Each structure stands twice: as structure tokens, then as C-alpha cells.
file data-v8.txt (compact mmCIF, C-alpha atoms)
# COMPACT_ATOMS: atom_id res chain seq x y z
CA SER D 1 17.56 13.18 6.86
CA ASP D 2 14.43 14.33 5.12
CA SER D 3 13.52 12.63 1.86
CA ALA D 4 13.83 14.50 -1.42
CA ILE D 5 10.57 14.11 -3.33
CA LEU D 6 10.14 14.86 -7.00
CA VAL D 7 6.53 14.81 -8.24
CA ARG D 8 5.12 14.55 -11.73
CA ARG D 9 1.73 16.24 -11.51
CA PHE D 10 -1.40 14.51 -12.72
CA ASP D 11 -2.81 16.02 -15.92
CA ALA D 12 -6.43 16.74 -14.99
CA SER D 13 -7.29 17.45 -18.63
CA ARG D 14 -7.16 13.70 -19.23
CA CYS D 15 -10.07 13.27 -16.86
CA PRO D 16 -12.12 16.50 -16.68
CA GLU D 17 -14.95 14.71 -14.84
CA TYR D 18 -12.71 14.53 -11.75
CA ALA D 19 -12.28 18.29 -11.69
CA ARG D 20 -16.00 19.01 -11.70
CA SER D 21 -17.40 15.85 -10.13
CA VAL D 22 -20.13 16.25 -7.54
CA ARG D 23 -20.71 12.55 -7.06
CA PRO D 24 -18.44 9.95 -5.45
CA ARG D 25 -17.10 7.03 -7.49
CA GLN D 26 -17.68 8.71 -10.83
CA LEU D 27 -15.86 6.85 -13.60
CA CYS D 28 -13.79 8.93 -15.94
CA SER D 29 -14.91 8.32 -19.52
CA SER D 30 -11.41 8.93 -20.89
CA GLY D 31 -10.26 5.70 -19.32
CA SER D 32 -8.42 6.91 -16.22
CA ALA D 33 -8.92 4.64 -13.22
CA ARG D 34 -11.71 5.59 -10.81
CA LEU D 35 -9.41 4.68 -7.96
CA LEU D 36 -6.69 6.98 -6.77
CA THR D 37 -4.05 4.30 -6.46
CA LEU D 38 -1.10 4.82 -4.15
CA VAL D 39 1.64 2.23 -4.42
CA GLY D 40 4.20 1.82 -1.64
CA LEU D 41 7.36 0.01 -2.76
CA SER D 42 9.49 -1.92 -0.25
CA ALA D 43 7.56 -0.31 2.62
CA LEU D 44 8.99 3.01 1.41
CA ALA D 45 5.63 4.76 1.44
CA VAL D 46 5.78 8.41 2.49
CA PRO D 47 3.09 9.31 5.04
CA PHE D 48 1.22 12.20 3.51
CA VAL D 49 -2.02 12.55 1.57
CA LEU D 50 -1.03 12.38 -2.09
CA TRP D 51 -4.32 13.52 -3.51
CA GLN D 52 -3.69 17.01 -2.10
CA LEU D 53 -0.87 17.31 -4.65
CA LEU D 54 -3.00 16.62 -7.71
CA GLY D 55 -4.14 20.18 -8.27
CA VAL D 56 -7.83 19.20 -8.65
CA GLN D 57 -10.64 18.93 -6.15
CA PHE D 58 -11.97 15.47 -5.34
CA LEU D 59 -15.15 14.93 -3.40
CA THR D 60 -14.66 11.44 -2.01
CA PRO D 61 -12.45 9.32 -4.28
CA ASP D 62 -12.08 5.63 -3.57
CA LEU D 63 -8.55 4.98 -2.34
CA LEU D 64 -6.43 1.88 -2.91
CA LEU D 65 -3.10 1.88 -1.07
CA ILE D 66 -0.83 -1.00 -2.12
CA VAL D 67 2.38 -1.80 -0.27
CA VAL D 68 4.62 -4.39 -1.91
CA ASP D 69 7.09 -5.31 0.78
CA THR D 70 10.78 -5.44 -0.26
CA LEU D 71 10.06 -4.76 -3.94
CA ARG D 72 13.08 -3.02 -5.49
CA ALA D 73 12.21 0.19 -7.28
CA ASP D 74 15.21 -0.20 -9.59
CA HIS D 75 13.66 -3.42 -10.96
CA LEU D 76 10.53 -1.63 -12.21
CA GLY D 77 10.10 -0.26 -15.70
CA THR D 78 8.90 3.15 -14.55
CA TYR D 79 12.25 3.61 -12.79
CA GLY D 80 14.24 2.64 -15.84
CA TYR D 81 14.67 -1.13 -15.56
CA ASP D 82 15.13 -2.59 -19.05
CA ARG D 83 13.26 -5.88 -18.47
CA ARG D 84 9.47 -5.94 -18.68
CA THR D 85 8.84 -6.80 -15.03
CA SER D 86 6.01 -4.40 -14.16
CA PRO D 87 3.72 -3.49 -17.08
CA ASN D 88 0.69 -2.78 -14.89
CA LEU D 89 2.53 -0.57 -12.42
CA ASP D 90 4.20 1.19 -15.35
CA ALA D 91 0.78 1.91 -16.87
CA ILE D 92 -0.45 3.45 -13.60
CA ALA D 93 2.72 5.50 -13.28
CA ALA D 94 2.38 6.82 -16.84
CA ARG D 95 -0.88 8.59 -16.00
CA GLY D 96 -0.46 9.32 -12.32
CA ILE D 97 2.14 10.47 -9.81
CA VAL D 98 5.64 9.03 -9.52
CA LEU D 99 7.90 9.63 -6.54
CA ASP D 100 11.34 9.70 -8.11
CA ALA D 101 13.27 9.86 -4.86
CA ALA D 102 12.15 8.66 -1.44
CA GLN D 103 13.87 7.01 1.50
CA SER D 104 12.30 4.74 4.06
CA VAL D 105 12.21 5.79 7.68
CA SER D 106 13.22 2.24 8.65
CA PRO D 107 14.95 -0.78 7.08
CA TRP D 108 12.21 -3.18 8.21
CA THR D 109 8.46 -3.41 7.88
CA ASN D 110 6.75 -2.69 11.18
CA PRO D 111 8.29 0.73 11.98
CA ALA D 112 7.86 1.82 8.35
CA ILE D 113 4.14 0.94 8.44
CA VAL D 114 3.75 2.68 11.79
CA SER D 115 5.08 5.83 10.11
CA LEU D 116 2.81 5.30 7.11
CA PHE D 117 -0.23 5.01 9.38
CA THR D 118 0.64 7.86 11.79
CA ALA D 119 2.89 10.29 9.81
CA LEU D 120 5.40 10.14 12.68
CA TYR D 121 8.99 8.96 12.71
CA PRO D 122 9.44 5.56 14.41
CA GLU D 123 11.50 7.01 17.25
CA ALA D 124 8.55 9.23 18.16
CA VAL D 125 6.30 6.19 18.49
CA ARG D 126 8.45 3.20 19.42
CA ARG D 127 11.26 2.58 21.86
CA THR D 128 14.54 1.15 20.60
CA ALA D 129 14.73 -2.59 21.25
CA PRO D 130 16.16 -5.80 19.77
CA HIS D 131 14.14 -7.11 16.83
CA ARG D 132 12.56 -9.96 18.83
CA GLU D 133 11.07 -7.34 21.15
CA ALA D 134 10.49 -4.56 18.63
CA ILE D 135 8.36 -6.80 16.41
CA ARG D 136 5.88 -7.08 19.29
CA GLN D 137 5.53 -3.34 19.89
CA ALA D 138 2.05 -1.95 19.26
CA ILE D 139 0.98 1.36 17.79
CA PRO D 140 -0.01 3.43 20.87
CA ALA D 141 -3.79 3.65 21.14
CA SER D 142 -3.47 7.38 21.80
CA LEU D 143 -2.26 8.01 18.22
CA ASP D 144 -4.58 8.83 15.36
CA THR D 145 -4.04 6.57 12.35
CA LEU D 146 -4.74 7.05 8.65
CA ALA D 147 -7.62 4.56 8.75
CA GLN D 148 -9.19 6.29 11.76
CA ARG D 149 -9.07 9.66 10.01
CA LEU D 150 -10.59 8.26 6.83
CA LYS D 151 -13.28 6.44 8.81
CA ARG D 152 -14.27 9.71 10.49
CA ALA D 153 -14.41 11.28 7.03
CA GLY D 154 -17.05 8.73 6.02
CA TYR D 155 -14.94 6.03 4.39
CA ARG D 156 -15.49 2.29 4.63
CA THR D 157 -12.03 1.03 5.57
CA VAL D 158 -10.61 -2.38 4.63
CA ALA D 159 -7.16 -3.86 5.28
CA LEU D 160 -6.03 -6.98 3.41
CA VAL D 161 -2.57 -8.08 4.48
CA VAL D 162 -0.28 -10.98 3.66
CA THR D 163 2.40 -10.05 6.15
CA GLY D 164 3.19 -10.10 9.84
CA ILE D 165 1.58 -6.82 10.91
CA ALA D 166 -1.00 -7.93 13.44
CA PRO D 167 -4.38 -6.52 14.50
CA GLY D 168 -3.44 -7.22 18.12
CA LEU D 169 -0.68 -4.61 17.85
CA ASN D 170 -3.22 -1.91 16.97
CA PHE D 171 -2.46 -1.99 13.23
CA ALA D 172 -6.18 -2.66 12.78
CA ALA D 173 -7.22 0.60 14.43
CA GLY D 174 -9.80 2.37 12.29
CA PHE D 175 -10.39 -0.50 9.88
CA ASP D 176 -13.91 -1.87 9.50
CA VAL D 177 -12.34 -5.05 8.09
CA PHE D 178 -8.82 -6.33 8.78
CA GLU D 179 -8.05 -9.61 7.02
CA ARG D 180 -4.79 -11.53 7.14
CA LEU D 181 -4.92 -13.39 3.88
CA TYR D 182 -3.10 -16.59 4.64
CA LEU D 183 -4.90 -19.51 3.02
CA ASP D 184 -4.21 -21.46 6.20
CA SER D 185 -4.92 -19.36 9.28
CA GLU D 186 -2.21 -21.26 11.16
CA ALA D 187 0.35 -20.76 8.39
CA GLY D 188 3.86 -19.62 9.07
CA ALA D 189 5.21 -16.31 7.87
CA TRP D 190 6.38 -17.64 4.52
CA ASN D 191 3.43 -19.88 3.66
CA LEU D 192 1.81 -17.13 1.60
CA SER D 193 -1.51 -17.07 -0.16
CA ALA D 194 -1.70 -17.39 -3.93
CA ALA D 195 -1.92 -14.08 -5.79
CA ASP D 196 -5.22 -15.06 -7.45
CA TYR D 197 -6.79 -15.57 -4.02
CA VAL D 198 -5.43 -12.30 -2.62
CA PHE D 199 -6.55 -10.16 -5.54
CA GLY D 200 -9.84 -12.03 -5.68
CA ARG D 201 -10.53 -10.79 -2.14
CA VAL D 202 -9.59 -7.27 -3.22
CA GLN D 203 -12.07 -7.45 -6.11
CA GLU D 204 -14.82 -8.65 -3.77
CA HIS D 205 -14.40 -5.57 -1.59
CA LEU D 206 -14.11 -3.20 -4.56
CA GLN D 207 -17.31 -4.57 -6.06
CA ALA D 208 -19.31 -4.76 -2.81
CA PRO D 209 -22.40 -2.54 -2.83
CA GLY D 210 -22.41 0.57 -0.68
CA GLU D 211 -22.70 4.33 -0.86
CA ALA D 212 -19.68 5.17 1.30
CA PRO D 213 -16.35 5.82 -0.40
CA LEU D 214 -13.90 2.95 0.01
CA PHE D 215 -10.34 2.83 1.37
CA VAL D 216 -8.51 -0.46 0.80
CA TYR D 217 -5.04 -1.05 2.24
CA LEU D 218 -3.39 -4.02 0.53
CA HIS D 219 -0.03 -5.20 1.88
CA VAL D 220 1.66 -8.09 0.09
CA VAL D 221 5.08 -9.52 0.79
CA ASP D 222 5.85 -11.96 -2.02
CA PRO D 223 9.28 -10.52 -2.95
CA HIS D 224 10.34 -10.97 0.69
CA ARG D 225 9.85 -14.71 0.77
CA PRO D 226 12.87 -17.03 0.41
CA GLN D 227 13.79 -17.79 -3.17
CA GLU D 228 13.61 -21.47 -3.98
CA VAL D 229 16.21 -22.37 -6.59
CA THR D 230 16.75 -25.87 -7.91
CA LEU D 231 20.34 -26.53 -8.92
CA THR D 232 20.99 -29.10 -11.61
CA LYS D 233 24.40 -30.62 -11.99
CA ILE D 234 25.70 -30.28 -15.49
CA GLY D 235 28.45 -32.63 -16.66
CA ARG D 236 31.29 -31.55 -18.84
call {"tool": "encode", "arguments": {"input": "data-v8.txt", "output": "C-alpha cells"}}
result
Amino acid sequence: SDSAILVRRFDASRCPEYARSVRPRQLCSSGSARLLTLVGLSALAVPFVLWQLLGVQFLTPDLLLIVVDTLRADHLGTYGYDRRTSPNLDAIAARGIVLDAAQSVSPWTNPAIVSLFTALYPEAVRRTAPHREAIRQAIPASLDTLAQRLKRAGYRTVALVVTGIAPGLNFAAGFDVFERLYLDSEAGAWNLSAADYVFGRVQEHLQAPGEAPLFVYLHVVDPHRPQEVTLTKIGR
């Protein structure tokens, strides 16, 4: 069934420069981020252009789309969790848009990302198959992807992924740069890169010189990895 979406609208009065900006990448003096940051939780991202909902006109905002694979929304402060697990995401949510109710189109990553990139349901793009076969299915080259549309609109497009989505399956379509950020290029699925390295690469792209607006797709999968717990025997 269709997702129910509740939206808290961005208060443009906090950043009036955005409403009247005639230059890309203009920094808001009131402290709002210059990036329109879209955060996908647990690959639950909804495939539509969020900035159309803001009620203000942007020229060419830089876009940072973050997907945190398998991250539980109910363990984040902005969704009411009582432990301080997500102060940075909570700060973004406090001054941006929060989707209070959304359902994934698929219970696993690849079909959900296909929908994110194409705005189509998985069954419209992929045939039903066992997981060992489905994980090898490519995005059809005939489909237009989010990155391709943004590239045609003049964006420099960068994908930084620490997950199994592969450029050979057409996930790289439209990206000027598609990096799989395993420290060891031969690493297995769960031998993930350190967070400092991953976000260091993000900073390098954000700070790179250039006149074109920037779209960065960052897909991390740390919550998905097996939990390593050491059990200590305790005597009576």
C-alpha cells in the first residue's frame, strides 16, 4: 500500500538568503546548513524530490543524500528514543524536514535503492527471483535514474558507498564518480571501512573546487554488520 507521509515544513524565515538567492552554494548567515541534506534510514528513502516541498525557490542547492542501511528509526532521538544515540541527526531534523511515517518498498537493500534511484516500484523494474539471483539483477539501462537527471541539470554527481550495490549492475549510471569505500578493495561484505576514512572522503568531495552544484550519495551499512559480543563468565 502507499506510504502515509507527514511533513514538517522548513521555516524559510530562518534562512531568508535561500528564498532570494541568485547564486549557487550561498551560505546562510543564520547558521542553517548550505546543503539540503536528505537522510534515508534503513533504505526506507522515498523516491521523490524533497526540495519541492520546502515552499521556497532554490537555484541549484548542493545535495547530500545519506542512506544508513538497516538503521532503526525508533532508536533515533528525533523519533522519540530516550537515549542520546543520534545528536547530529536530531539537530538536522530540528531545522529541516522529518518524515514521520514511511514504509520501504522492499525488505532488502538492492530493490529499495532501485526504487530510490528510479521512482518505480521494484516489481516494475525487476523480476521475482531467489535472493542469490535477485542480488545480481541490474537496473535496466533504459531507465532514467536520479543521478542521470541531476547530471543533465548541471550537477557534479558523486556516489560513495560502503555496501554491496555494484557499478556493474548499473547503480553507477549518471555518477561522475562512483567509489566503493572498502579500505581493502578485495574485502568481503562485512570488512567495512572506518567511519573516519569514509567521512574524510565525503569532506574531500564537498571541499573540492568547482562551479557546478554538487550531488553526493553516501550509502553506509554499519548497523547491518554482525554484532561482535564478548561473553565473560561470571562466577557466583
call {"tool": "closest_residue", "arguments": {"input": "data-v8.txt", "among": "D:Val68, D:Gln203, D:Thr109, D:Leu143", "to": "Leu89 in chain D", "atoms": "only C-alpha atoms"}}
result
D:Val68
call {"tool": "closest_residue", "arguments": {"input": "data-v8.txt", "among": "D:Ala212, D:Pro87, D:Val98, D:Ile113", "to": "Leu169 in chain D", "atoms": "all atoms listed in the file"}}
result
D:Ile113
call {"tool": "atom_distance", "arguments": {"input": "data-v8.txt", "atom1": "CA of Pro107 in chain D", "atom2": "CA of Tyr81 in chain D"}}
result
22.6 Å
call {"tool": "axis_aligned_box", "arguments": {"input": "data-v8.txt", "around": "range 156-161 of chain D", "padding_each_side": "6 Å", "output": "lines of an AutoDock Vina configuration file"}}
result
center_x = -9.0
center_y = -2.9
center_z = 4.5
size_x = 24.9
size_y = 22.4
size_z = 14.2
call {"tool": "atom_distance", "arguments": {"input": "data-v8.txt", "atom1": "CA of Ile139 in chain D", "atom2": "CA of Thr70 in chain D"}}
result
21.6 Å
call {"tool": "atom_distance", "arguments": {"input": "data-v8.txt", "atom1": "CA of Asn88 in chain D", "atom2": "CA of Ser106 in chain D"}}
result
27.1 Å
call {"tool": "residues_around", "arguments": {"input": "data-v8.txt", "residues": "Thr78 in chain D", "least_positions_apart": "4", "cutoff": "8 Å", "atoms": "all atoms listed in the file", "output": "list in words"}}
result
Leu89, Asp90, Ala93 and Ala94 of chain D
call {"tool": "write_last_selection", "arguments": {"input": "data-v8.txt", "atoms": "C-alpha atoms", "output": "mmCIF file, in the frame of the given file"}}
result
data_model
loop_
_atom_site.group_PDB
_atom_site.id
_atom_site.type_symbol
_atom_site.label_atom_id
_atom_site.label_comp_id
_atom_site.auth_asym_id
_atom_site.auth_seq_id
_atom_site.Cartn_x
_atom_site.Cartn_y
_atom_site.Cartn_z
ATOM 1 C CA LEU D 89 2.530 -0.570 -12.420
ATOM 2 C CA ASP D 90 4.200 1.190 -15.350
ATOM 3 C CA ALA D 93 2.720 5.500 -13.280
ATOM 4 C CA ALA D 94 2.380 6.820 -16.840
#
call {"tool": "residues_around", "arguments": {"input": "data-v8.txt", "residues": "range 127-130 of chain D", "least_positions_apart": "6", "cutoff": "12 Å", "atoms": "all atoms listed in the file", "output": "list of chain:residue names"}}
result
D:Pro111, D:Tyr121, D:Arg136, D:Gln137, D:Ala138, D:Ile139, D:Pro140
call {"tool": "build_atoms", "arguments": {"input": "data-v8.txt", "residues": "range 142-165 of chain D", "atoms": "N, CA and C atoms", "output": "PDB file, in the frame of the given file"}}
result
ATOM      1  N   SER D 142      -3.227   5.945  21.730  1.00  0.00           N
ATOM      2  CA  SER D 142      -3.470   7.380  21.800  1.00  0.00           C
ATOM      3  C   SER D 142      -3.236   8.072  20.463  1.00  0.00           C
ATOM      4  N   LEU D 143      -2.582   7.393  19.511  1.00  0.00           N
ATOM      5  CA  LEU D 143      -2.260   8.010  18.220  1.00  0.00           C
ATOM      6  C   LEU D 143      -3.405   7.846  17.237  1.00  0.00           C
ATOM      7  N   ASP D 144      -3.595   8.861  16.423  1.00  0.00           N
ATOM      8  CA  ASP D 144      -4.580   8.830  15.360  1.00  0.00           C
ATOM      9  C   ASP D 144      -3.950   8.208  14.122  1.00  0.00           C
ATOM     10  N   THR D 145      -4.600   7.224  13.520  1.00  0.00           N
ATOM     11  CA  THR D 145      -4.040   6.570  12.350  1.00  0.00           C
ATOM     12  C   THR D 145      -4.765   7.023  11.084  1.00  0.00           C
ATOM     13  N   LEU D 146      -4.148   6.724   9.942  1.00  0.00           N
ATOM     14  CA  LEU D 146      -4.740   7.050   8.650  1.00  0.00           C
ATOM     15  C   LEU D 146      -6.141   6.469   8.523  1.00  0.00           C
ATOM     16  N   ALA D 147      -6.306   5.196   8.880  1.00  0.00           N
ATOM     17  CA  ALA D 147      -7.620   4.560   8.750  1.00  0.00           C
ATOM     18  C   ALA D 147      -8.646   5.222   9.650  1.00  0.00           C
ATOM     19  N   GLN D 148      -8.257   5.623  10.853  1.00  0.00           N
ATOM     20  CA  GLN D 148      -9.190   6.290  11.760  1.00  0.00           C
ATOM     21  C   GLN D 148      -9.641   7.635  11.190  1.00  0.00           C
ATOM     22  N   ARG D 149      -8.717   8.364  10.597  1.00  0.00           N
ATOM     23  CA  ARG D 149      -9.070   9.660  10.010  1.00  0.00           C
ATOM     24  C   ARG D 149     -10.026   9.473   8.828  1.00  0.00           C
ATOM     25  N   LEU D 150      -9.727   8.495   7.983  1.00  0.00           N
ATOM     26  CA  LEU D 150     -10.590   8.260   6.830  1.00  0.00           C
ATOM     27  C   LEU D 150     -11.964   7.757   7.270  1.00  0.00           C
ATOM     28  N   LYS D 151     -11.999   6.931   8.299  1.00  0.00           N
ATOM     29  CA  LYS D 151     -13.280   6.440   8.810  1.00  0.00           C
ATOM     30  C   LYS D 151     -14.137   7.602   9.311  1.00  0.00           C
ATOM     31  N   ARG D 152     -13.526   8.533  10.020  1.00  0.00           N
ATOM     32  CA  ARG D 152     -14.270   9.710  10.490  1.00  0.00           C
ATOM     33  C   ARG D 152     -14.752  10.566   9.327  1.00  0.00           C
ATOM     34  N   ALA D 153     -14.021  10.509   8.218  1.00  0.00           N
ATOM     35  CA  ALA D 153     -14.410  11.280   7.030  1.00  0.00           C
ATOM     36  C   ALA D 153     -15.490  10.575   6.208  1.00  0.00           C
ATOM     37  N   GLY D 154     -15.947   9.407   6.691  1.00  0.00           N
ATOM     38  CA  GLY D 154     -17.050   8.730   6.020  1.00  0.00           C
ATOM     39  C   GLY D 154     -16.662   7.553   5.164  1.00  0.00           C
ATOM     40  N   TYR D 155     -15.401   7.148   5.203  1.00  0.00           N
ATOM     41  CA  TYR D 155     -14.940   6.030   4.390  1.00  0.00           C
ATOM     42  C   TYR D 155     -15.268   4.687   5.045  1.00  0.00           C
ATOM     43  N   ARG D 156     -15.516   3.690   4.195  1.00  0.00           N
ATOM     44  CA  ARG D 156     -15.490   2.290   4.630  1.00  0.00           C
ATOM     45  C   ARG D 156     -14.053   1.831   4.477  1.00  0.00           C
ATOM     46  N   THR D 157     -13.462   1.295   5.531  1.00  0.00           N
ATOM     47  CA  THR D 157     -12.030   1.030   5.570  1.00  0.00           C
ATOM     48  C   THR D 157     -11.756  -0.468   5.642  1.00  0.00           C
ATOM     49  N   VAL D 158     -10.901  -0.946   4.746  1.00  0.00           N
ATOM     50  CA  VAL D 158     -10.610  -2.380   4.630  1.00  0.00           C
ATOM     51  C   VAL D 158      -9.105  -2.570   4.543  1.00  0.00           C
ATOM     52  N   ALA D 159      -8.568  -3.478   5.351  1.00  0.00           N
ATOM     53  CA  ALA D 159      -7.160  -3.860   5.280  1.00  0.00           C
ATOM     54  C   ALA D 159      -7.065  -5.327   4.890  1.00  0.00           C
ATOM     55  N   LEU D 160      -6.285  -5.615   3.861  1.00  0.00           N
ATOM     56  CA  LEU D 160      -6.030  -6.980   3.410  1.00  0.00           C
ATOM     57  C   LEU D 160      -4.523  -7.166   3.414  1.00  0.00           C
ATOM     58  N   VAL D 161      -4.023  -7.998   4.307  1.00  0.00           N
ATOM     59  CA  VAL D 161      -2.570  -8.080   4.480  1.00  0.00           C
ATOM     60  C   VAL D 161      -2.100  -9.525   4.383  1.00  0.00           C
ATOM     61  N   VAL D 162      -0.954  -9.682   3.728  1.00  0.00           N
ATOM     62  CA  VAL D 162      -0.280 -10.980   3.660  1.00  0.00           C
ATOM     63  C   VAL D 162       1.113 -10.759   4.230  1.00  0.00           C
ATOM     64  N   THR D 163       1.143 -10.375   5.480  1.00  0.00           N
ATOM     65  CA  THR D 163       2.400 -10.050   6.150  1.00  0.00           C
ATOM     66  C   THR D 163       2.187 -10.154   7.643  1.00  0.00           C
ATOM     67  N   GLY D 164       3.238  -9.857   8.406  1.00  0.00           N
ATOM     68  CA  GLY D 164       3.190 -10.100   9.840  1.00  0.00           C
ATOM     69  C   GLY D 164       2.559  -9.005  10.665  1.00  0.00           C
ATOM     70  N   ILE D 165       2.185  -7.855  10.077  1.00  0.00           N
ATOM     71  CA  ILE D 165       1.580  -6.820  10.910  1.00  0.00           C
ATOM     72  C   ILE D 165       0.256  -7.353  11.471  1.00  0.00           C
TER      73      ILE D 165
END
